[in-house]
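This is structure-v1.cif. It holds mmCIF, C-alpha atoms.
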data_coords
#
loop_
_atom_site.label_atom_id
_atom_site.label_comp_id
_atom_site.auth_asym_id
_atom_site.auth_seq_id
_atom_site.Cartn_x
_atom_site.Cartn_y
_atom_site.Cartn_z
CA MET A 1 -111.07 -83.87 -105.83
CA LYS A 2 -113.36 -82.34 -108.41
CA THR A 3 -117.12 -82.32 -108.75
CA LEU A 4 -118.15 -84.10 -111.93
CA THR A 5 -121.79 -83.80 -112.90
CA PHE A 6 -123.49 -86.06 -115.42
CA LEU A 7 -126.78 -85.28 -117.12
CA SER A 8 -128.28 -88.47 -118.49
CA ARG A 9 -130.99 -87.41 -120.91
CA HIS A 10 -131.69 -90.44 -123.09
CA ALA A 11 -133.95 -93.47 -122.74
CA PRO A 12 -132.20 -96.65 -121.58
CA PHE A 13 -132.61 -98.48 -124.87
CA GLY A 14 -132.51 -97.42 -128.49
CA THR A 15 -129.17 -95.63 -128.28
CA SER A 16 -125.98 -96.27 -126.32
CA ASN A 17 -126.07 -92.89 -124.56
CA ALA A 18 -127.41 -94.21 -121.26
CA LYS A 19 -124.71 -96.88 -121.02
CA ALA A 20 -122.01 -94.41 -122.09
CA CYS A 21 -123.05 -92.02 -119.31
CA LEU A 22 -123.21 -94.78 -116.70
CA ASP A 23 -119.70 -95.95 -117.63
CA MET A 24 -118.37 -92.42 -117.17
CA VAL A 25 -120.07 -92.14 -113.78
CA LEU A 26 -118.54 -95.43 -112.63
CA ALA A 27 -115.07 -94.45 -113.89
CA SER A 28 -115.31 -91.12 -112.06
CA ALA A 29 -116.37 -92.91 -108.88
CA VAL A 30 -113.45 -95.34 -109.14
CA PHE A 31 -111.17 -92.29 -109.19
CA GLU A 32 -112.95 -91.10 -106.04
CA GLN A 33 -114.32 -87.88 -107.44
CA GLN A 34 -117.44 -86.14 -106.20
CA VAL A 35 -120.14 -87.26 -108.63
CA ASN A 36 -123.61 -85.86 -109.29
CA TYR A 37 -125.66 -88.23 -111.47
CA ILE A 38 -128.75 -86.48 -112.76
CA PHE A 39 -131.51 -88.15 -114.76
CA MET A 40 -133.65 -85.80 -116.80
CA ASP A 41 -135.82 -85.70 -119.92
CA GLU A 42 -136.12 -89.19 -121.45
CA GLY A 43 -133.26 -90.25 -119.14
CA VAL A 44 -135.69 -90.75 -116.27
CA TRP A 45 -136.91 -93.94 -117.98
CA GLN A 46 -133.57 -95.50 -117.03
CA LEU A 47 -134.64 -95.39 -113.41
CA VAL A 48 -137.90 -97.26 -113.87
CA ARG A 49 -137.98 -100.75 -112.39
CA GLY A 50 -138.90 -103.88 -114.33
CA HIS A 51 -137.08 -103.45 -117.64
CA GLU A 52 -136.91 -106.72 -119.57
CA PRO A 53 -134.61 -105.89 -122.48
CA ALA A 54 -133.89 -109.53 -123.32
CA GLY A 55 -136.94 -109.26 -125.56
CA ILE A 56 -135.07 -106.85 -127.82
CA HIS A 57 -131.73 -108.67 -127.42
CA ALA A 58 -130.35 -105.82 -125.37
CA LYS A 59 -128.37 -106.08 -122.17
CA ASN A 60 -129.96 -104.75 -119.00
CA THR A 61 -127.27 -102.18 -118.37
CA MET A 62 -129.54 -100.35 -115.97
CA ALA A 63 -129.21 -103.26 -113.54
CA ALA A 64 -125.85 -101.64 -112.74
CA LEU A 65 -127.71 -98.71 -111.18
CA GLN A 66 -128.06 -100.94 -108.13
CA ALA A 67 -124.27 -100.93 -107.80
CA LEU A 68 -123.92 -97.15 -107.66
CA GLU A 69 -124.06 -97.15 -103.89
CA LEU A 70 -121.18 -99.64 -103.73
CA TYR A 71 -119.16 -97.32 -105.93
CA GLY A 72 -119.84 -94.47 -103.54
CA VAL A 73 -122.15 -92.58 -105.90
CA GLU A 74 -124.65 -91.08 -103.51
CA ASN A 75 -125.80 -87.91 -105.23
CA ILE A 76 -128.36 -89.31 -107.63
CA PHE A 77 -131.08 -86.94 -108.78
CA ALA A 78 -134.12 -87.03 -111.02
CA LEU A 79 -135.52 -83.85 -112.46
CA GLU A 80 -138.97 -83.68 -110.93
CA GLU A 81 -140.67 -82.15 -113.95
CA SER A 82 -139.31 -84.91 -116.21
CA LEU A 83 -140.93 -87.52 -113.98
CA THR A 84 -144.19 -85.58 -113.76
CA GLU A 85 -144.38 -85.11 -117.53
CA ARG A 86 -144.20 -88.88 -117.91
CA ASN A 87 -146.64 -89.70 -115.13
CA LEU A 88 -143.84 -91.32 -113.12
CA THR A 89 -143.42 -91.20 -109.36
CA LEU A 90 -140.67 -92.36 -107.00
CA ALA A 91 -142.66 -95.57 -106.55
CA HIS A 92 -141.90 -96.55 -110.16
CA LEU A 93 -138.15 -96.30 -109.68
CA GLN A 94 -135.67 -99.09 -108.97
CA ILE A 95 -133.29 -97.04 -106.81
CA PRO A 96 -133.82 -94.18 -104.35
CA VAL A 97 -133.14 -90.80 -105.92
CA ARG A 98 -133.49 -87.21 -104.82
CA LEU A 99 -135.93 -85.06 -106.73
CA CYS A 100 -134.63 -81.77 -108.02
CA THR A 101 -136.22 -78.71 -109.57
CA ARG A 102 -134.84 -76.74 -112.53
CA ALA A 103 -133.47 -74.15 -110.08
CA GLU A 104 -131.67 -76.85 -108.09
CA LEU A 105 -130.35 -78.33 -111.33
CA SER A 106 -128.93 -74.92 -112.24
CA SER A 107 -127.17 -74.65 -108.91
CA LEU A 108 -125.77 -78.21 -109.19
CA ILE A 109 -124.35 -77.30 -112.59
CA LYS A 110 -123.01 -74.00 -111.32
CA THR A 111 -121.12 -75.67 -108.48
CA SER A 112 -119.59 -78.40 -110.71
CA ASP A 113 -116.09 -78.43 -112.16
CA VAL A 114 -117.06 -80.52 -115.19
CA VAL A 115 -120.53 -81.15 -116.63
CA THR A 116 -121.12 -83.93 -119.12
CA ALA A 117 -124.45 -84.42 -120.90
CA LEU A 118 -125.05 -87.72 -122.62
CA MET B 119 -105.78 -72.06 -119.78
CA ILE B 120 -105.43 -75.84 -119.85
CA ILE B 121 -108.23 -77.40 -121.87
CA SER B 122 -109.30 -80.97 -122.53
CA VAL B 123 -111.78 -81.94 -125.19
CA MET B 124 -114.13 -84.90 -125.40
CA VAL B 125 -115.62 -85.84 -128.75
CA THR B 126 -118.57 -88.24 -128.89
CA GLY B 127 -120.31 -87.55 -132.20
CA SER B 128 -119.90 -89.69 -135.30
CA PRO B 129 -117.43 -88.10 -137.74
CA VAL B 130 -119.44 -89.31 -140.73
CA SER B 131 -122.98 -88.38 -139.72
CA GLN B 132 -122.54 -85.43 -137.37
CA GLN B 133 -120.78 -82.08 -137.52
CA SER B 134 -119.39 -82.30 -133.99
CA ALA B 135 -116.00 -83.86 -134.80
CA GLN B 136 -115.23 -81.00 -137.21
CA THR B 137 -116.46 -78.43 -134.70
CA ALA B 138 -114.20 -79.99 -132.07
CA LEU B 139 -111.21 -79.79 -134.44
CA SER B 140 -111.92 -76.14 -135.23
CA PHE B 141 -112.28 -75.45 -131.50
CA CYS B 142 -108.92 -77.09 -130.74
CA GLN B 143 -107.21 -75.13 -133.49
CA ALA B 144 -108.74 -71.89 -132.20
CA ALA B 145 -107.75 -72.73 -128.63
CA LEU B 146 -104.11 -73.32 -129.57
CA SER B 147 -104.08 -70.15 -131.70
CA ALA B 148 -105.34 -68.18 -128.72
CA GLY B 149 -102.44 -69.46 -126.61
CA HIS B 150 -104.26 -72.12 -124.61
CA GLN B 151 -102.85 -75.54 -123.92
CA ILE B 152 -104.62 -78.78 -124.82
CA TYR B 153 -104.00 -81.42 -122.16
CA ARG B 154 -105.82 -84.24 -123.91
CA VAL B 155 -108.42 -85.03 -126.56
CA PHE B 156 -110.61 -87.98 -125.60
CA PHE B 157 -112.64 -89.78 -128.25
CA TYR B 158 -115.67 -91.70 -126.97
CA GLU B 159 -118.64 -93.52 -128.51
CA ASP B 160 -119.00 -92.98 -132.29
CA ALA B 161 -116.16 -90.45 -132.36
CA VAL B 162 -113.66 -93.32 -132.07
CA GLN B 163 -114.23 -93.86 -135.79
CA LEU B 164 -111.88 -90.90 -136.25
CA GLY B 165 -109.08 -93.26 -135.28
CA SER B 166 -109.57 -95.52 -138.30
CA ALA B 167 -106.87 -95.32 -140.95
CA LEU B 168 -109.14 -97.15 -143.39
CA ASN B 169 -111.91 -94.64 -144.03
CA VAL B 170 -112.25 -93.30 -147.58
CA ALA B 171 -113.76 -89.85 -148.08
CA PRO B 172 -115.29 -88.88 -151.43
CA GLN B 173 -112.88 -86.77 -153.48
CA ASP B 174 -114.90 -83.61 -153.06
CA GLU B 175 -115.37 -84.02 -149.30
CA ARG B 176 -113.01 -83.36 -146.43
CA ASN B 177 -111.28 -86.39 -144.93
CA LEU B 178 -111.86 -85.57 -141.29
CA ASN B 179 -109.94 -88.62 -140.05
CA ALA B 180 -106.85 -87.48 -141.93
CA ALA B 181 -107.35 -83.89 -140.73
CA TRP B 182 -107.48 -84.98 -137.07
CA SER B 183 -104.53 -87.33 -137.45
CA GLU B 184 -102.44 -84.56 -139.05
CA PHE B 185 -103.47 -82.06 -136.40
CA ILE B 186 -102.58 -84.43 -133.56
CA LYS B 187 -99.18 -85.18 -135.07
CA GLN B 188 -98.44 -81.53 -135.85
CA TYR B 189 -99.01 -80.42 -132.26
CA GLN B 190 -98.03 -83.74 -130.66
CA LEU B 191 -101.31 -83.84 -128.79
CA ASP B 192 -102.30 -86.54 -126.35
CA ALA B 193 -105.19 -88.15 -128.29
CA VAL B 194 -106.90 -91.06 -126.57
CA ILE B 195 -109.52 -93.36 -128.02
CA CYS B 196 -111.76 -95.18 -125.53
CA VAL B 197 -110.93 -98.87 -125.71
CA ALA B 198 -114.45 -100.14 -125.04
CA SER B 199 -115.94 -97.88 -127.70
CA ALA B 200 -113.14 -98.72 -130.13
CA LEU B 201 -113.28 -102.50 -129.89
CA LYS B 202 -117.05 -102.51 -130.50
CA ARG B 203 -116.57 -100.45 -133.64
CA GLY B 204 -113.59 -102.33 -135.04
CA ILE B 205 -110.89 -99.77 -134.29
CA LEU B 206 -107.86 -101.81 -133.27
CA ASN B 207 -104.19 -101.20 -132.66
CA ASP B 208 -101.65 -103.98 -133.17
CA SER B 209 -101.87 -105.37 -129.66
CA GLU B 210 -105.70 -105.46 -129.59
CA ALA B 211 -105.79 -107.03 -133.06
CA SER B 212 -103.49 -109.80 -131.94
CA ARG B 213 -105.24 -110.20 -128.57
CA TYR B 214 -108.60 -110.77 -130.29
CA GLN B 215 -107.08 -112.63 -133.26
CA LYS B 216 -108.35 -110.17 -135.86
CA PRO B 217 -106.87 -110.08 -139.38
CA ALA B 218 -105.62 -106.49 -139.19
CA ALA B 219 -105.11 -103.38 -137.09
CA ASN B 220 -106.33 -100.01 -138.36
CA LEU B 221 -105.50 -97.37 -135.74
CA ALA B 222 -104.32 -94.18 -137.43
CA GLU B 223 -101.08 -92.44 -136.49
CA GLY B 224 -101.22 -90.10 -133.54
CA PHE B 225 -103.97 -91.91 -131.61
CA ASP B 226 -103.62 -94.08 -128.52
CA ILE B 227 -106.17 -96.58 -127.24
CA SER B 228 -106.86 -96.44 -123.51
CA GLY B 229 -109.66 -96.37 -120.94
CA LEU B 230 -112.13 -93.94 -119.42
CA GLY B 231 -109.66 -93.32 -116.63
CA GLN B 232 -107.80 -91.12 -119.10
CA TRP B 233 -110.89 -88.95 -119.38
CA VAL B 234 -111.21 -88.65 -115.60
CA ASP B 235 -107.50 -87.79 -115.45
CA ALA B 236 -108.12 -85.10 -118.07
CA CYS B 237 -110.91 -83.65 -115.91
CA LEU B 238 -108.57 -83.52 -112.92
CA ASN B 239 -105.75 -81.83 -114.80
CA SER B 240 -107.61 -79.31 -116.93
CA ASP B 241 -109.16 -75.93 -116.20
CA ARG B 242 -111.95 -76.67 -118.68
CA VAL B 243 -113.34 -79.83 -120.29
CA VAL B 244 -115.37 -79.18 -123.41
CA SER B 245 -117.58 -81.85 -124.99
CA PHE B 246 -118.67 -82.12 -128.60
CA GLY B 247 -121.38 -84.37 -129.94
CA ALA B 248 -123.87 -84.97 -127.15
#
If you convert what's in this file into structure tokens, what do you get?
Amino acid sequence: MKTLTFLSRHAPFGTSNAKACLDMVLASAVFEQQVNYIFMDEGVWQLVRGHEPAGIHAKNTMAALQALELYGVENIFALEESLTERNLTLAHLQIPVRLCTRAELSSLIKTSDVVTAL
Amino acid sequence: MIISVMVTGSPVSQQSAQTALSFCQAALSAGHQIYRVFFYEDAVQLGSALNVAPQDERNLNAAWSEFIKQYQLDAVICVASALKRGILNDSEASRYQKPAANLAEGFDISGLGQWVDACLNSDRVVSFGA
């Protein structure tokens, strides 16, 4: 088993990056790897509850975040400073996540076999 | 060292697909082994045999296809990314009743599991285009 770490750094809509990252996380979980799923920068918007993307004819791919637990993805982090910069708190988020600092992010990356930023 | 490479950037609007090719060539020259190249998101456009490059510009699709054939590399295009962008092999073209297939020589179409497999079997996985 390897530790695969994903840094999701883009807003949920506007580009396909968020969906591309989520698909990689789910594939890694299906293969029963140790996954760290880290939301940072604009990526923290993916976690916010209440998206209604039907208005822009987009699919609500972030609804699948609810399924992460079923897939066995338990290590879900949000970079605390990214939330703070955007005036977001844990209360705004649709799933429980662990907050991490830059130093903790560095150590998560350091202890990973593969890091993918999307 | 056993290396796998993931390419995500568009070959026509970003430099990353060329950088990835140069990296792979350098890696082989230095004696490393390439386990797999995985093309994801816009990089799947590299698998089209129908692109036309201006005469005074490099045809990156052809360069990748030649490189893959020369070294008999395992080059996998993500099926979900490919279908969305109209990159089809014969079986996908017939499955979705499309008028033609356009997958260039050397490439295979498969799923994200191939990328996870590459992670498991490589000492390093290097991404280009994010």
Could you tell me, as a PyMOL selection string, exactly which residues end up selected when the PyMOL selection byres ((chain B) within 12 of (chain A)) is applied to this structure? chain B and resi 121-127+158-160+196+198-199+202+229-248
Nearest-residue call for Asn220 in chain B, choices B:Ser166, B:Gln133, B:Asn179, B:Gln190, using all atoms listed in the file: B:Ser166
Expand the PyMOL selection byres ((chain A and resi 77-89) around 10) into the individual residues it matches in the shown file, reporting them as an MDAnalysis selection string. chainID A and resid 7:9 36:45 47:48 74:76 90:93 96:102 104:105
Taking every listed atom of range 189-207 of chain B and adding 8 Å to each side, what centre and edge lengths in Å (one decimal) does the axis-aligned box have, as JSON?
{"center_x": -107.5, "center_y": -91.5, "center_z": -130.0, "size_x": 35.0, "size_y": 38.1, "size_z": 26.0}
Enumerate, as a PyMOL selection string, the residues matched when the PyMOL selection byres ((chain A and resi 62) around 12) is run on the file above. chain A and resi 11-13+16-23+43-53+58-61+63-68+93-95
From the options B:Gln151, B:Ser131, B:Gln173, B:Ser140, which residue's atoms come nearest to Met119 in chain B, counting all atoms listed in the file? B:Gln151
Contacts of Ala180 in chain B at 12 Å (all atoms listed in the file; same-chain gap of 2+ positions) as a list in words: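 Close residues of Ala180 in chain B: Pro129, Gln136, Leu139, Gln163, Leu164, Gly165, Ser166, Ala167, Leu168, Asn169, Val170, Ala171, Glu175, Arg176, Asn177, Leu178, Trp182, Ser183, Glu184, Phe185, Ile186, Lys187, Gln188, Leu221, Ala222, Glu223, Gly224 and Phe225 of chain B.
The gap separating CA of Phe156 in chain B from CA of His10 in chain A is 21.4 Å, in Å to one decimal.
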One number please: CA of Ser228 in chain B to CA of Ala193 in chain B, in Å, one decimal. 9.7 Å
CA of Gln143 in chain B to CA of Thr111 in chain A, distance in Å rounded to a single decimal: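 Interatomic distance, CA of Gln143 in chain B to CA of Thr111 in chain A: 28.6 Å.
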